[in-house]
Amino acid sequence: MRGILIILVSMFVLSSIVISQPSADESSMELSDQPTDKMDWWRDARFGMFIHWGLYAVPAGEHMGKRTDRIGEWIMHHLNIPIKEYETYAQQFNPVKFDAQAWVALAKEAGMKYMVITSKHHDGFCLWDSKVTDWDVLDASPFKRDILRELADACERESIRLCFYHSIMDWHHPDAQAINEPNYNSRDPKSVNPNFSRYFQNYLKPQVKELMTGYGDIGVMWFDGEWIPDYTTEMGKELYQEIVDADPDMIINNRVDKGRQGMQGMNKEGEFAGDFGTPEQEIPDQGLAGVDWESCMTMNDTWGFKHFDQNWKSAETLIHNLIDIASKGGNYLLNVGPTGAGEIPEASVKRLADIGTWMKTNGEAIYGTSASPFDKPAWGRYTQKDNLVFVHIFDWPKDGKLTIPDQGMPFQEAQLWTNKGNVKVDLKKNADGWIVSLPAEAPNDIASVVALKK
Ligand code: FHN
């Protein structure tokens with residue numbers, strides 16, 4: 001009898017200290033009875049993997065002994081490599097270490113919910129078996145495997161949304177920018193290819209269709225290279241409309257149109273086609289209410305692999321970026337640039353593992369959240385979801401007291417999230433606002449989360 005009593009008492013004590021996080025099932029049940037919007041999964045996801053992979057990973061920033069000091073995937077232009085010379089990299093592209101399952105598992109472990117891979121970058125080389133060209137991995141390289149197919153199968157197995165980056169600019173196609181090769185940069189910026197509309201209608205659109213229909217349920221078409229004078233806003237709106245007519249659930253970024261022209265900023269309502277804005281290598285100071293946006297950023301200084309770019313951002317910077325972006329209502333698309341052998345650099349793998357460790361404890365303070373209800377504090381950020389405001393603390397208070405200004409939102413209780421569960425902490429209101437009492441040690445020295453219950 002005494003033993004049963006001890007068990008009952010200890011269960012009561014434990015339950016009063018440890019408050020479990022809302023399980024994914026519970027929160028998804030609440031969401032499931034909401035009206036659906038094609039952006040719902042994307043807004044909930046908040047965090048995705050960008051993959052820049054292609055022939056440029058073979059030279060890896062260095063061609064004929066000369067290094068490019070620019071982004072690796074532009075090596076063909078910045079080092080003025082003629083098309084015929086660049087095509088020899090296709091014959092060297094044999095990434096035998098490529099493992100789609102490992103890449104998808106890495107993204108999933110990091111807490112990423114979607115993956116955007118360069119189906120075709122500006123060099124025009126296709127990572128799938130395209131029916132409209134032989135300038136693809138099956139016909140032009142010794143690798144002879146459909147990379148996008150293998151990634152699609154792995155994403156399906158791991159419930160990661162597969163999305164495709166696709167470049168409108170094409171340095172290889174004779175009806176597109178190949179006319180200006182080998183040095184696109186020295187051409188008259190107003191020069192356009194008189195046959196570009198033929199490329200647009202008979203090549204670009206059929207390839208987009210191949211990508212939309214051949215690789216499962218694609219989440220996003222992520223266009224790029226839209227700034228070229230050959231491509232018009234009318235083409236952008238036509239392409240956007242044809243895609244959504246074919247698949248009303250397909251999400252398309254603002255670079256399907258000329259919307260980014262002159263701005264890396266966000267997609268202003270109704271100004272141009274596209275479902276979300278695409279700030280690049282930057283985080284806007286503020287979000288824009290009612291506007292979806294995604295900051296795409298590198299871990300070092302290049303999108304495509306460069307063997308000598310070791311300027312890696314710390315895991316702290318990457319996690320703070322994720323929190324900062326979510327606190328403004330945006331998504332974080334974090335890039336990896338795999339090697340010519342098909343491996344994701346170890347420095348990227350390590351950082352993704354560190355992010356994953358943080359996300360295991362705190363991911364629910366990112367997923368499905370919306371922008372902070374308060375101004376950003378100097379010591380951290382806020383996100384919010386349902387009846388919770390998440391306080392992300394970067395700088396732990398030395399006196400154990402965290403003051404949150406009273407902004408008219410009453411709170412019932414506070415819990416500190418740790419990797420051993422959640423601990424109720426003292427919450428008091430005084431003239432300065434809401435005072436949260438915290439232990440001497442932060443649960444996580446990069447960022448710790450306190451959930452305030454409204
Ligand atoms: O020119 C590309 C660049 O190579 C890279 O793909 C980035 C990623 O968003 N987009 C373009 C530059 O804005």
# chains A, B, ... in the order shown; residues from 1 in each chain; ligands from 1

$ residues_near_ligand --ligand "ligand 1" --cutoff "7 Å" --atoms "only C-alpha atoms and all ligand atoms" --output "JSON, numbers by chain"
{"A": [71, 73, 74, 121, 224, 225, 280, 296, 303]}

$ write_last_selection --atoms "C-alpha atoms" --output "CSV table (one decimal), in the first residue's frame"
chain,number,residue,atom,x,y,z
A,71,ILE,CA,30.1,32.5,-56.0
A,73,GLU,CA,28.1,28.4,-59.5
A,74,TRP,CA,29.0,31.4,-61.6
A,121,HIS,CA,21.1,26.4,-62.7
A,224,ASP,CA,15.6,32.5,-60.6
A,225,GLY,CA,17.6,34.3,-63.3
A,280,GLU,CA,18.7,36.9,-50.5
A,296,CYS,CA,17.7,32.3,-48.6
A,303,TRP,CA,26.0,28.7,-53.1

$ residues_around --residues "Glu441 (chain A)" --least-positions-apart "2" --cutoff "10 Å" --atoms "only C-alpha atoms" --output "PyMOL selection string"
chain A and resi 396-398+400+438-439+443-445

$ residues_around --residues "region 425-436 of chain A" --least-positions-apart "6" --cutoff "12 Å" --atoms "only C-alpha atoms" --output "PyMOL selection string"
chain A and resi 16-19+391+393+396-397+399-418+449-453

$ select_by_dssp --residues "region 59-301 of chain A" --states "strand (DSSP E or B)" --output "count of residues only"
36

$ closest_atom_pairs --of "region 166-220 of chain A" --to "region 84-99 of chain A" --cutoff "12 Å" --atoms "only C-alpha atoms" --output "Markdown table"
| residue | atom | partner | partner_atom | distance |
| --- | --- | --- | --- | --- |
| A:Trp171 | CA | A:Tyr86 | CA | 10.7 |
| A:His172 | CA | A:Glu87 | CA | 9.3 |
| A:Ala178 | CA | A:Lys84 | CA | 11.1 |
| A:Glu181 | CA | A:Lys84 | CA | 10.3 |
| A:Pro182 | CA | A:Lys84 | CA | 9.5 |

$ write_last_selection --atoms "N, CA and C atoms" --output "mmCIF file, in the first residue's frame"
data_model
loop_
_atom_site.group_PDB
_atom_site.id
_atom_site.type_symbol
_atom_site.label_atom_id
_atom_site.label_comp_id
_atom_site.auth_asym_id
_atom_site.auth_seq_id
_atom_site.Cartn_x
_atom_site.Cartn_y
_atom_site.Cartn_z
ATOM 1 N N TRP A 171 22.678 29.787 -69.891
ATOM 2 C CA TRP A 171 23.894 30.153 -70.627
ATOM 3 C C TRP A 171 24.240 29.141 -71.710
ATOM 4 N N HIS A 172 23.511 28.028 -71.761
ATOM 5 C CA HIS A 172 23.889 26.960 -72.704
ATOM 6 C C HIS A 172 22.971 26.900 -73.919
ATOM 7 N N ALA A 178 23.064 31.769 -74.370
ATOM 8 C CA ALA A 178 24.279 31.242 -75.018
ATOM 9 C C ALA A 178 24.747 32.190 -76.106
ATOM 10 N N GLU A 181 27.545 34.115 -74.991
ATOM 11 C CA GLU A 181 28.711 33.411 -74.431
ATOM 12 C C GLU A 181 29.960 33.706 -75.257
ATOM 13 N N PRO A 182 31.176 33.635 -74.758
ATOM 14 C CA PRO A 182 31.482 33.120 -73.422
ATOM 15 C C PRO A 182 31.414 34.177 -72.341
#

$ atom_distance --atom1 "CA of Leu79 (chain A)" --atom2 "CA of Asp123 (chain A)"
13.2 Å

$ closest_residue --among "A:Gly61, A:Gly340, A:Pro174, A:Gly54" --to "Cys126 (chain A)" --atoms "only C-alpha atoms"
A:Gly54

$ closest_residue --among "A:Ser159, A:Asn254, A:Asn80, A:Ser448" --to "Met112 (chain A)" --atoms "only C-alpha atoms"
A:Ser159

$ residues_around --residues "Lys205 (chain A)" --least-positions-apart "6" --cutoff "10 Å" --atoms "only C-alpha atoms" --output "PyMOL selection string"
chain A and resi 168+199+211+239+242-243

$ closest_residue --among "A:Ile160, A:Pro373, A:Ile446, A:Val116" --to "Ala289 (chain A)" --atoms "only C-alpha atoms"
A:Pro373

$ residues_around --residues "Phe196 (chain A)" --least-positions-apart "3" --cutoff "9 Å" --atoms "only C-alpha atoms" --output "ChimeraX atom specification"
/A:174-177,192-193,199-201,230-231

$ residues_around --residues "Met221 (chain A)" --least-positions-apart "5" --cutoff "8 Å" --atoms "only C-alpha atoms" --output "list in words"
Cys163, Phe164, Tyr165, His166, Met250, Ile251, Ile252 and Asn253 of chain A

$ atom_distance --atom1 "CA of Gln101 (chain A)" --atom2 "CA of Asp153 (chain A)"
8.5 Å

$ atom_distance --atom1 "CA of Tyr367 (chain A)" --atom2 "CA of Leu334 (chain A)"
15.5 Å

$ closest_residue --among "A:His307, A:Lys258, A:Asp292, A:His122" --to "Ala341 (chain A)" --atoms "only C-alpha atoms"
A:His307
